[in-house]
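K.L.:
Next comes work02.csv, CSV, C-alpha atoms:
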```csv
chain,number,residue,atom,x,y,z
A,1415,MET,CA,121.3,121.3,67.6
A,1416,ILE,CA,123.8,122.9,65.3
A,1417,THR,CA,125.1,126.5,65.7
A,1418,ASN,CA,124.7,128.9,62.9
A,1419,ASP,CA,127.7,131.0,63.7
A,1420,GLU,CA,130.1,128.8,61.6
A,1421,PRO,CA,127.8,127.4,58.9
A,1422,ASP,CA,130.6,126.9,56.5
A,1423,LEU,CA,132.5,124.8,59.0
A,1424,ILE,CA,129.4,122.5,59.2
A,1425,ALA,CA,129.0,122.5,55.5
A,1426,ALA,CA,132.6,121.6,54.7
A,1427,LEU,CA,132.7,118.6,57.0
A,1428,PRO,CA,131.9,115.2,55.4
A,1429,PRO,CA,128.1,114.6,55.7
A,1430,VAL,CA,126.7,112.0,58.1
A,1431,THR,CA,124.6,109.8,55.9
A,1432,GLY,CA,121.4,108.0,56.7
A,1433,THR,CA,123.1,104.7,55.8
A,1434,GLU,CA,125.9,105.3,58.3
A,1435,LEU,CA,123.4,106.2,61.1
A,1436,ALA,CA,121.3,103.1,60.2
A,1437,ALA,CA,124.3,100.8,60.6
A,1438,LEU,CA,125.2,102.4,63.9
A,1439,HIS,CA,121.5,102.0,65.0
A,1440,ASP,CA,121.6,98.3,64.1
A,1441,ARG,CA,124.8,97.9,66.1
A,1442,LEU,CA,123.2,99.7,69.1
A,1443,VAL,CA,120.2,97.4,69.0
A,1444,ARG,CA,122.6,94.3,69.0
A,1445,ASP,CA,124.8,95.7,71.8
A,1446,ALA,CA,121.7,96.7,73.9
A,1447,GLY,CA,120.1,93.3,73.5
A,1448,ALA,CA,123.4,91.5,74.4
A,1449,ALA,CA,123.7,93.8,77.5
A,1450,GLY,CA,120.1,93.2,78.6
A,1451,LEU,CA,119.4,96.9,78.1
A,1452,LEU,CA,116.6,96.6,75.5
A,1453,ASP,CA,113.6,96.9,77.8
A,1454,VAL,CA,111.1,97.5,75.0
A,1455,ALA,CA,111.6,96.7,71.3
A,1456,TYR,CA,109.2,97.8,68.7
A,1457,ARG,CA,108.3,97.8,65.0
A,1458,THR,CA,105.3,98.6,62.8
A,1459,LEU,CA,103.5,96.1,60.6
A,1460,ASP,CA,101.2,97.0,57.7
A,1461,THR,CA,97.9,95.1,57.9
A,1462,PRO,CA,94.5,95.4,56.3
A,1463,VAL,CA,93.4,97.4,59.4
A,1464,GLY,CA,96.3,99.9,58.9
A,1465,PRO,CA,99.8,99.9,60.4
A,1466,LEU,CA,100.0,98.2,63.7
A,1467,LEU,CA,102.6,99.1,66.3
A,1468,LEU,CA,104.1,95.9,67.9
A,1469,ALA,CA,106.1,96.3,71.1
A,1470,ALA,CA,107.7,93.5,73.2
A,1471,THR,CA,109.6,93.3,76.5
A,1472,GLU,CA,112.0,90.5,77.2
A,1473,ASP,CA,109.0,88.6,78.5
A,1474,GLY,CA,106.8,88.9,75.4
A,1475,LEU,CA,104.5,91.0,73.4
A,1476,VAL,CA,103.4,93.8,75.6
A,1477,ARG,CA,101.4,96.2,73.3
A,1478,VAL,CA,99.7,96.1,69.9
A,1479,ALA,CA,98.4,99.6,68.8
A,1480,PHE,CA,96.3,100.9,66.0
A,1481,ALA,CA,97.3,104.0,64.0
A,1482,VAL,CA,94.3,105.9,65.5
A,1483,GLU,CA,95.8,105.5,68.9
A,1484,GLY,CA,98.8,107.5,67.7
A,1485,HIS,CA,101.9,105.4,67.7
A,1486,ASP,CA,104.2,108.1,69.1
A,1487,ARG,CA,101.8,108.6,72.0
A,1488,VAL,CA,101.7,104.9,72.6
A,1489,LEU,CA,105.5,104.8,72.7
A,1490,GLU,CA,105.6,107.7,75.1
A,1491,SER,CA,103.1,105.8,77.3
A,1492,LEU,CA,105.3,102.7,77.2
A,1493,ALA,CA,108.3,104.9,78.2
A,1494,ALA,CA,106.4,106.1,81.2
A,1495,ARG,CA,104.8,102.8,82.2
A,1496,VAL,CA,107.3,100.1,81.3
A,1497,SER,CA,110.8,101.7,80.6
A,1498,PRO,CA,112.2,104.6,78.5
A,1499,ARG,CA,114.8,102.1,77.2
A,1500,ILE,CA,112.9,101.7,74.0
A,1501,LEU,CA,114.4,101.1,70.5
A,1502,ARG,CA,113.1,100.3,67.1
A,1503,ALA,CA,114.3,96.7,66.9
A,1504,PRO,CA,112.3,94.6,64.6
A,1505,GLY,CA,114.2,91.4,65.3
A,1506,ARG,CA,112.4,90.7,68.6
A,1507,LEU,CA,109.0,91.1,66.8
A,1508,ASP,CA,109.8,88.7,63.9
A,1509,GLU,CA,107.6,85.9,65.2
A,1510,ALA,CA,104.8,88.2,66.3
A,1511,ALA,CA,104.8,89.9,62.9
A,1512,ARG,CA,104.8,86.5,61.1
A,1513,GLU,CA,101.8,85.2,63.1
A,1514,ILE,CA,99.8,88.4,62.6
A,1515,ASP,CA,100.5,88.3,58.9
A,1516,GLU,CA,99.2,84.7,58.8
A,1517,TYR,CA,96.2,85.7,60.8
A,1518,PHE,CA,95.2,88.4,58.3
A,1519,ALA,CA,95.8,86.1,55.4
A,1520,GLY,CA,93.3,83.7,57.0
A,1521,ARG,CA,95.9,81.0,57.6
A,1522,ARG,CA,96.1,81.3,61.4
A,1523,ARG,CA,93.3,80.8,64.0
A,1524,ARG,CA,95.2,81.1,67.2
A,1525,PHE,CA,98.3,82.9,68.3
A,1526,ASP,CA,101.2,81.1,69.8
A,1527,LEU,CA,103.3,83.9,71.3
A,1528,PRO,CA,104.7,84.8,74.7
A,1529,LEU,CA,102.5,87.6,76.0
A,1530,ASP,CA,103.4,90.2,78.7
A,1531,TYR,CA,100.2,91.3,80.4
A,1532,ARG,CA,101.9,93.9,82.6
A,1533,LEU,CA,99.9,96.8,81.2
A,1534,SER,CA,96.6,95.4,82.6
A,1535,ALA,CA,96.0,94.4,86.2
A,1536,GLY,CA,93.3,93.0,88.5
A,1537,PHE,CA,89.9,92.2,87.0
A,1538,ARG,CA,90.9,93.5,83.6
A,1539,ARG,CA,93.7,91.1,83.4
A,1540,THR,CA,91.4,88.2,84.5
A,1541,VAL,CA,89.1,89.1,81.7
A,1542,LEU,CA,91.9,89.4,79.1
A,1543,SER,CA,93.4,86.1,80.0
A,1544,HIS,CA,90.0,84.5,79.5
A,1545,LEU,CA,89.5,85.9,76.0
A,1546,PRO,CA,91.7,83.5,74.0
A,1547,ALA,CA,89.3,80.7,75.1
A,1548,ILE,CA,86.6,82.3,72.8
A,1549,GLY,CA,87.0,80.3,69.6
A,1550,TYR,CA,88.0,81.8,66.3
A,1551,GLY,CA,85.0,83.0,64.3
A,1552,HIS,CA,82.7,83.1,67.4
A,1553,THR,CA,81.4,86.1,69.2
A,1554,VAL,CA,80.1,86.3,72.7
A,1555,SER,CA,78.4,89.0,74.8
A,1556,TYR,CA,80.0,91.1,77.5
A,1557,ALA,CA,77.5,89.6,79.9
A,1558,ALA,CA,78.6,86.0,78.9
A,1559,VAL,CA,82.2,86.9,79.5
A,1560,ALA,CA,81.3,88.3,82.9
A,1561,SER,CA,79.6,85.1,83.8
A,1562,ASP,CA,82.5,83.0,82.6
A,1563,VAL,CA,84.9,84.8,84.8
A,1564,GLY,CA,82.6,84.5,87.8
A,1565,SER,CA,81.3,88.1,88.1
A,1566,PRO,CA,78.0,88.0,86.2
A,1567,ARG,CA,77.1,91.6,87.2
A,1568,ALA,CA,80.4,93.0,86.1
A,1569,PHE,CA,79.6,93.2,82.3
A,1570,ARG,CA,80.4,96.9,82.2
A,1571,ALA,CA,83.8,96.2,83.7
A,1572,VAL,CA,84.2,93.5,81.1
A,1573,GLY,CA,83.5,96.2,78.5
A,1574,THR,CA,86.1,98.4,79.9
A,1575,ALA,CA,88.7,95.6,80.0
A,1576,CYS,CA,88.0,94.9,76.3
A,1577,ALA,CA,88.1,98.6,75.3
A,1578,THR,CA,91.4,99.0,77.0
A,1579,ASN,CA,93.0,95.7,75.9
A,1580,PRO,CA,96.7,96.5,75.4
A,1581,LEU,CA,97.0,93.5,73.0
A,1582,PRO,CA,94.2,93.8,70.5
A,1583,VAL,CA,94.0,91.4,67.6
A,1584,VAL,CA,96.2,88.9,69.4
A,1585,VAL,CA,94.1,88.8,72.5
A,1586,PRO,CA,90.7,88.6,70.8
A,1587,CYS,CA,88.6,91.3,72.5
A,1588,HIS,CA,87.0,91.8,69.0
A,1589,ARG,CA,85.0,88.6,69.6
A,1590,VAL,CA,83.2,90.2,72.5
A,1591,VAL,CA,80.1,92.3,71.4
A,1592,LYS,CA,77.0,93.8,73.0
A,1593,SER,CA,74.0,91.5,73.6
A,1594,GLY,CA,71.8,93.4,71.1
A,1595,GLY,CA,74.3,92.8,68.3
A,1596,ASP,CA,76.0,96.2,68.5
A,1597,LEU,CA,79.8,95.9,68.2
A,1598,GLY,CA,80.8,97.9,71.3
A,1599,ASN,CA,83.9,99.9,71.8
A,1600,TYR,CA,87.1,99.0,70.2
A,1601,ARG,CA,90.6,100.5,70.4
A,1602,GLY,CA,91.0,100.4,66.6
A,1603,GLY,CA,87.5,101.8,66.0
A,1604,PRO,CA,84.3,100.0,64.9
A,1605,GLN,CA,85.4,99.4,61.4
A,1606,ALA,CA,88.5,97.5,62.5
A,1607,LYS,CA,86.4,95.4,64.8
A,1608,ARG,CA,83.9,94.7,62.0
A,1609,PHE,CA,86.8,93.8,59.7
A,1610,LEU,CA,88.2,91.2,62.1
A,1611,ILE,CA,84.8,89.6,62.8
A,1612,ASP,CA,84.1,89.4,59.0
A,1613,LEU,CA,87.6,88.1,58.4
A,1614,GLU,CA,87.1,85.2,60.9
A,1615,ALA,CA,83.6,84.5,59.6
A,1616,ALA,CA,84.9,84.2,56.0
A,1617,ALA,CA,87.9,82.0,56.7
B,170,MET,CA,87.1,107.7,69.6
B,171,THR,CA,90.3,107.1,71.4
B,172,THR,CA,91.0,108.3,74.9
B,173,VAL,CA,93.9,110.7,74.8
B,174,THR,CA,96.0,110.3,78.0
B,175,THR,CA,98.7,112.9,78.5
B,176,VAL,CA,101.9,111.2,79.6
B,177,THR,CA,104.5,113.3,81.2
B,178,GLY,CA,107.9,111.7,81.1
B,179,LYS,CA,111.0,111.4,79.1
B,180,PRO,CA,110.8,110.4,75.4
B,181,PRO,CA,111.6,106.8,74.3
B,182,PHE,CA,115.3,106.4,73.8
B,183,GLU,CA,114.7,105.9,70.1
B,184,ALA,CA,113.7,109.5,69.9
B,185,VAL,CA,117.0,110.5,71.6
B,186,VAL,CA,119.0,108.5,69.0
B,187,ALA,CA,116.9,110.0,66.1
B,188,ARG,CA,117.4,113.6,67.4
B,189,HIS,CA,121.0,113.5,68.5
B,190,GLY,CA,122.6,110.6,66.6
B,191,ALA,CA,124.0,112.6,63.7
B,192,THR,CA,125.4,115.4,65.9
B,193,VAL,CA,127.1,113.0,68.2
B,194,LEU,CA,128.7,111.2,65.2
B,195,ARG,CA,130.0,114.5,63.9
B,196,VAL,CA,131.5,115.3,67.3
B,197,CYS,CA,133.1,111.8,67.6
B,198,ARG,CA,134.6,112.2,64.1
B,199,ALA,CA,135.9,115.6,64.9
B,200,VAL,CA,137.5,114.6,68.2
B,201,LEU,CA,138.8,111.1,67.3
B,202,GLY,CA,138.9,111.0,63.5
B,203,PRO,CA,136.7,108.8,61.4
B,204,ALA,CA,138.4,105.5,62.2
B,205,ASP,CA,137.5,105.4,65.9
B,206,ALA,CA,134.3,107.5,65.6
B,207,ASP,CA,131.9,104.6,65.1
B,208,ASP,CA,133.2,102.8,68.2
B,209,ALA,CA,132.9,106.0,70.2
B,210,TRP,CA,129.4,106.6,69.0
B,211,SER,CA,128.4,103.0,69.8
B,212,GLU,CA,129.9,103.1,73.3
B,213,THR,CA,128.4,106.5,74.0
B,214,PHE,CA,124.8,105.5,73.1
B,215,LEU,CA,125.0,102.2,74.9
B,216,ALA,CA,126.2,103.9,78.1
B,217,ALA,CA,123.5,106.5,77.6
B,218,LEU,CA,120.9,103.8,77.2
B,219,ALA,CA,122.0,102.2,80.4
B,220,ALA,CA,121.8,105.5,82.4
B,221,TYR,CA,118.8,107.0,80.6
B,222,PRO,CA,116.1,106.0,83.2
B,223,ARG,CA,118.1,107.9,85.9
B,224,LEU,CA,118.5,111.0,83.8
B,225,PRO,CA,116.5,113.9,85.3
B,226,GLY,CA,113.6,114.9,83.1
B,227,ASP,CA,114.8,118.5,82.7
B,228,ALA,CA,118.4,117.5,81.8
B,229,ASN,CA,120.1,119.0,78.7
B,230,VAL,CA,120.3,115.7,76.7
B,231,GLU,CA,122.8,117.0,74.1
B,232,ALA,CA,125.2,118.2,76.8
B,233,TRP,CA,124.8,114.9,78.6
B,234,LEU,CA,125.5,112.9,75.5
B,235,VAL,CA,128.6,115.1,74.7
B,236,THR,CA,129.9,114.5,78.2
B,237,ILE,CA,129.6,110.7,77.8
B,238,ALA,CA,131.2,110.9,74.3
B,239,HIS,CA,134.0,113.0,75.7
B,240,ARG,CA,134.8,110.3,78.3
B,241,LYS,CA,134.5,107.5,75.7
B,242,ALA,CA,136.9,109.4,73.4
B,243,ILE,CA,139.5,109.6,76.2
B,244,ASP,CA,139.1,105.9,76.9
B,245,ILE,CA,139.6,105.1,73.2
B,246,THR,CA,142.6,107.4,72.9
B,247,ARG,CA,144.2,105.8,75.9
B,248,ALA,CA,143.6,102.3,74.7
B,249,ALA,CA,145.1,103.2,71.4
B,250,ALA,CA,148.1,104.7,73.2
B,251,ARG,CA,148.6,101.5,75.2
B,252,ARG,CA,148.5,99.5,72.0
B,253,ALA,CA,151.1,101.8,70.3
B,254,VAL,CA,154.0,100.6,72.5
B,255,PRO,CA,156.8,102.8,71.3
B,256,VAL,CA,154.9,106.0,71.9
B,257,ALA,CA,155.7,107.3,75.4
B,258,ALA,CA,152.9,109.8,75.7
B,259,VAL,CA,149.5,110.4,74.1
B,260,PRO,CA,150.2,112.4,71.0
B,261,ASP,CA,148.6,115.7,70.9
B,262,ARG,CA,148.2,115.5,67.2
B,263,PRO,CA,147.2,112.0,66.2
B,264,ALA,CA,146.7,112.9,62.5
B,265,ALA,CA,149.9,114.7,61.7
B,266,ALA,CA,149.6,117.4,59.0
B,267,ARG,CA,150.9,116.3,55.7
B,268,ALA,CA,153.8,118.1,54.1
B,269,ASP,CA,151.5,119.4,51.4
B,270,GLY,CA,149.0,121.3,53.7
B,271,ARG,CA,146.8,122.3,50.7
B,272,ASP,CA,145.7,118.7,50.3
B,273,LEU,CA,144.2,118.6,53.8
B,274,ASP,CA,140.5,118.5,53.8
B,275,LEU,CA,138.6,120.0,56.7
B,276,ALA,CA,138.2,116.7,58.6
B,277,ASP,CA,141.9,116.2,58.4
B,278,ALA,CA,142.6,119.7,59.5
B,279,LEU,CA,140.3,119.3,62.4
B,280,ALA,CA,142.0,116.0,63.4
B,281,ALA,CA,145.3,117.8,63.3
B,282,LEU,CA,144.4,120.4,65.9
B,283,PRO,CA,145.7,120.0,69.4
B,284,ARG,CA,143.2,118.0,71.5
B,285,ARG,CA,141.9,120.9,73.6
B,286,GLN,CA,141.2,123.0,70.5
B,287,ARG,CA,139.6,120.0,68.7
B,288,GLU,CA,137.3,119.4,71.7
B,289,ALA,CA,136.3,123.0,72.1
B,290,VAL,CA,135.6,123.4,68.4
B,291,ALA,CA,133.6,120.2,68.3
B,292,TYR,CA,131.6,120.7,71.4
B,293,HIS,CA,130.8,124.4,70.7
B,294,TYR,CA,130.4,124.6,67.0
B,295,LEU,CA,129.2,121.0,66.2
B,296,ALA,CA,127.2,120.1,69.3
B,297,GLY,CA,126.1,123.7,70.0
B,298,LEU,CA,127.1,123.8,73.6
B,299,PRO,CA,127.7,127.3,75.2
B,300,TYR,CA,131.3,127.7,76.4
B,301,ALA,CA,130.3,127.3,80.0
B,302,GLU,CA,129.0,123.8,79.2
B,303,VAL,CA,132.1,123.1,77.0
B,304,ALA,CA,134.2,123.9,80.1
B,305,ALA,CA,132.1,121.7,82.3
B,306,VAL,CA,132.7,118.8,79.9
B,307,THR,CA,136.5,119.3,79.3
B,308,GLY,CA,137.5,120.9,82.6
B,309,GLY,CA,139.1,124.3,82.9
B,310,SER,CA,137.5,127.7,82.8
B,311,THR,CA,134.8,129.1,80.4
B,312,ASP,CA,137.4,131.6,79.1
B,313,ALA,CA,139.9,128.8,78.4
B,314,ALA,CA,137.2,126.9,76.5
B,315,ARG,CA,136.4,130.1,74.5
B,316,ARG,CA,140.1,130.7,73.8
B,317,ALA,CA,140.7,127.1,72.7
B,318,ALA,CA,137.8,127.3,70.3
B,319,ALA,CA,139.0,130.6,68.9
B,320,ASP,CA,142.5,129.3,68.5
B,321,GLY,CA,141.2,126.2,66.9
B,322,ILE,CA,139.2,128.1,64.3
B,323,ALA,CA,142.1,130.4,63.6
B,324,ARG,CA,144.4,127.4,63.0
B,325,LEU,CA,141.8,125.8,60.8
B,326,ARG,CA,141.7,128.9,58.6
B,327,LYS,CA,145.5,128.6,58.2
B,328,THR,CA,145.6,124.9,57.4
B,329,TYR,CA,142.4,124.8,55.5
B,330,PRO,CA,142.4,127.9,53.2
B,331,ALA,CA,139.0,127.3,51.7
B,332,PHE,CA,137.5,127.7,55.1
B,333,VAL,CA,136.4,131.4,55.4
B,334,SER,CA,133.9,132.6,58.0
B,335,PRO,CA,131.3,134.9,56.5
B,336,ASP,CA,131.5,137.2,59.5
B,337,PRO,CA,134.8,137.0,61.3
B,338,GLU,CA,133.6,139.7,63.8
B,339,GLU,CA,131.4,137.1,65.4
B,340,ASP,CA,134.0,134.4,65.8
B,341,HIS,CA,134.5,135.0,69.5
B,342,ASP,CA,130.9,135.6,70.5
B,343,ASP,CA,129.1,133.0,72.5
B,344,HIS,CA,126.0,132.1,70.7
B,345,GLN,CA,122.5,132.0,72.1
B,346,ARG,CA,120.7,128.7,72.3
```
Please express the file's structure as structure tokens.
P.N.:
Amino acid sequence: MITNDEPDLIAALPPVTGTELAALHDRLVRDAGAAGLLDVAYRTLDTPVGPLLLAATEDGLVRVAFAVEGHDRVLESLAARVSPRILRAPGRLDEAAREIDEYFAGRRRRFDLPLDYRLSAGFRRTVLSHLPAIGYGHTVSYAAVASDVGSPRAFRAVGTACATNPLPVVVPCHRVVKSGGDLGNYRGGPQAKRFLIDLEAAA
Amino acid sequence: MTTVTTVTGKPPFEAVVARHGATVLRVCRAVLGPADADDAWSETFLAALAAYPRLPGDANVEAWLVTIAHRKAIDITRAAARRAVPVAAVPDRPAAARADGRDLDLADALAALPRRQREAVAYHYLAGLPYAEVAAVTGGSTDAARRAAADGIARLRKTYPAFVSPDPEEDHDDHQR
């Protein structure tokens, strides 16, 4: 917010460069981490299904978001639901980014990352924590997952849990499909779900 | 295909840094000079990050940041004064004007202003705060803040001859935000 009533004053001052601000931003990220004030760190990662937003708390990966979800909107939601102390801080996401890169390259079949499930609760959380048990390259039906978690009639709730998975790709809700062979809802859209199923089938 | 949920709340702190980072750095440079400006900026945004969850949603973020930066600048000036043992009092003009005034660039000219004038010019003209808010940050009355800014601008014109306002009539007007 710069006033216009002394434009020559503004113009005559040495400019603030992007490089200077980037260095100060890096320092802020370091200081915030050291002070325990970096509640949510995030970065984006280019993948074959488009840029993914990766966000982590101090406890672990808390959100993976597709571009179609609107990364800005997802960050606003994290500010409201987790904490507004959010900074672009790729360092905390180095390991997650590396494992997701390996997954898309066909070189990784399971993720070994600390996960923070705080964005899902109750039955949805029960469903999500069961999903990593579905093997790489396999698909199962919503009804089968419902049976596996002990609520055989809750297949619609399983569908909702999968469709609202805050950690898609890493928590493999893409391996859960409709009994008739339809793919079912997916946060990244049907093409992304298809891509992941085909990727795992080919590897 | 995606469910759009409207979230009402404050923006992620990253957006605050992106929006206000450059302005706060300009203010810190103007008030403290370039050598200490980075420290002041860093301390300001770290303190702001700590307090951010408690900031009311309708608060004026820029004025809030300038208030924090003002306090950090005072801390840094005092710490510098303690280190400089022979100096009895905090000098009003940390960057003394050179003998050859024509070589001063604007940043030097700004740094050579008395502290009150420097603050008023920075907070009003660089941060865009109305004089009432400048006064709330620095203490004193709105009129005193307006006078300090006007005196500062007048002095800058003398020490920095290249600096000429396109419309001197408006120098003393409070601007609309």
K.L.:
Would you list which chain A residues are within 7 Å of chain B using all atoms listed in the file, as a list in words?
P.N.:
Met1415, Ile1416, Thr1417, Glu1420, Asp1422, Leu1423, Ala1426, Leu1427, Val1430, Leu1435, Leu1438, Leu1442, Ala1446, Leu1451, Glu1483, Leu1489, Glu1490, Ser1491, Ala1493, Ala1494, Pro1498, Arg1499, Ile1500, Leu1501, Arg1502, Arg1601 and Gly1603 of chain A
K.L.:
Do you know which residues lie at most 6 Å from (104.5, 93.8, 63.7), with coordinates as in the file and only C-alpha atoms counted, and could you write them as a PyMOL selection string?
P.N.:
chain A and resi 1457-1459+1468+1511
K.L.:
Rank nothing, just name the residue among B:Thr328, B:Ala206, B:Val306, B:Ala319 nearest to B:His239, using all atoms listed in the file.
P.N.:
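Closest to B:His239, using all atoms listed in the file: B:Val306.
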K.L.:
Measure the distance from atom CA of A:Ile1548 to atom CA of A:Arg1506 in Å and round it to one decimal.
P.N.:
27.5 Å
K.L.:
Quick one, how far is atom CA of B:Arg287 from atom CA of B:Arg326?
P.N.:
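Separation between atom CA of B:Arg287 and atom CA of B:Arg326: 13.6 Å.
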K.L.:
Only N, CA and C atoms, please: stretch 1509-1535 of chain A from the block, as a compact mmCIF listing (two decimals), in the first residue's frame.
P.N.:
```
# COMPACT_ATOMS: atom_id res chain seq x y z
N GLU A 1509 11.39 -34.81 2.07
CA GLU A 1509 11.25 -36.26 2.05
C GLU A 1509 9.95 -36.67 1.34
N ALA A 1510 8.86 -35.96 1.63
CA ALA A 1510 7.58 -36.27 0.97
C ALA A 1510 7.71 -36.08 -0.54
N ALA A 1511 8.35 -35.00 -0.95
CA ALA A 1511 8.50 -34.73 -2.38
C ALA A 1511 9.34 -35.83 -3.04
N ARG A 1512 10.39 -36.27 -2.36
CA ARG A 1512 11.26 -37.29 -2.91
C ARG A 1512 10.47 -38.61 -3.11
N GLU A 1513 9.71 -38.99 -2.08
CA GLU A 1513 8.97 -40.26 -2.18
C GLU A 1513 7.87 -40.19 -3.25
N ILE A 1514 7.21 -39.04 -3.36
CA ILE A 1514 6.16 -38.91 -4.38
C ILE A 1514 6.77 -38.92 -5.78
N ASP A 1515 7.93 -38.27 -5.93
CA ASP A 1515 8.65 -38.34 -7.21
C ASP A 1515 8.96 -39.80 -7.57
N GLU A 1516 9.46 -40.55 -6.60
CA GLU A 1516 9.80 -41.96 -6.84
C GLU A 1516 8.56 -42.77 -7.20
N TYR A 1517 7.46 -42.46 -6.53
CA TYR A 1517 6.20 -43.16 -6.82
C TYR A 1517 5.78 -42.95 -8.28
N PHE A 1518 5.81 -41.71 -8.73
CA PHE A 1518 5.39 -41.41 -10.10
C PHE A 1518 6.39 -41.97 -11.11
N ALA A 1519 7.63 -42.18 -10.69
CA ALA A 1519 8.62 -42.79 -11.58
C ALA A 1519 8.51 -44.31 -11.58
N GLY A 1520 7.56 -44.86 -10.80
CA GLY A 1520 7.39 -46.31 -10.74
C GLY A 1520 8.41 -47.01 -9.87
N ARG A 1521 9.16 -46.24 -9.07
CA ARG A 1521 10.22 -46.82 -8.25
C ARG A 1521 9.84 -46.95 -6.78
N ARG A 1522 8.61 -46.61 -6.43
CA ARG A 1522 8.20 -46.72 -5.03
C ARG A 1522 6.79 -47.28 -4.95
N ARG A 1523 6.60 -48.29 -4.09
CA ARG A 1523 5.30 -48.95 -3.99
C ARG A 1523 4.59 -48.63 -2.68
N ARG A 1524 5.30 -48.16 -1.70
CA ARG A 1524 4.63 -47.73 -0.46
C ARG A 1524 5.35 -46.52 0.11
N PHE A 1525 4.57 -45.69 0.78
CA PHE A 1525 5.13 -44.46 1.34
C PHE A 1525 5.55 -44.68 2.78
N ASP A 1526 6.66 -44.10 3.11
CA ASP A 1526 7.18 -44.22 4.47
C ASP A 1526 7.34 -42.81 5.01
N LEU A 1527 6.22 -42.19 5.34
CA LEU A 1527 6.21 -40.78 5.76
C LEU A 1527 5.36 -40.63 7.01
N PRO A 1528 5.76 -39.76 7.94
CA PRO A 1528 4.84 -39.44 9.04
C PRO A 1528 3.62 -38.70 8.49
N LEU A 1529 2.43 -39.18 8.86
CA LEU A 1529 1.19 -38.58 8.38
C LEU A 1529 0.42 -37.96 9.54
N ASP A 1530 -0.15 -36.81 9.28
CA ASP A 1530 -0.99 -36.12 10.27
C ASP A 1530 -2.43 -36.20 9.78
N TYR A 1531 -3.23 -37.02 10.43
CA TYR A 1531 -4.60 -37.27 9.99
C TYR A 1531 -5.61 -36.30 10.59
N ARG A 1532 -5.16 -35.16 11.11
CA ARG A 1532 -6.07 -34.31 11.89
C ARG A 1532 -7.22 -33.73 11.07
N LEU A 1533 -7.11 -33.74 9.73
CA LEU A 1533 -8.20 -33.18 8.93
C LEU A 1533 -9.34 -34.17 8.70
N SER A 1534 -9.18 -35.39 9.18
CA SER A 1534 -10.31 -36.32 9.08
C SER A 1534 -10.54 -36.93 10.46
N ALA A 1535 -11.80 -37.21 10.76
CA ALA A 1535 -12.14 -37.69 12.09
C ALA A 1535 -13.13 -38.85 12.00
```
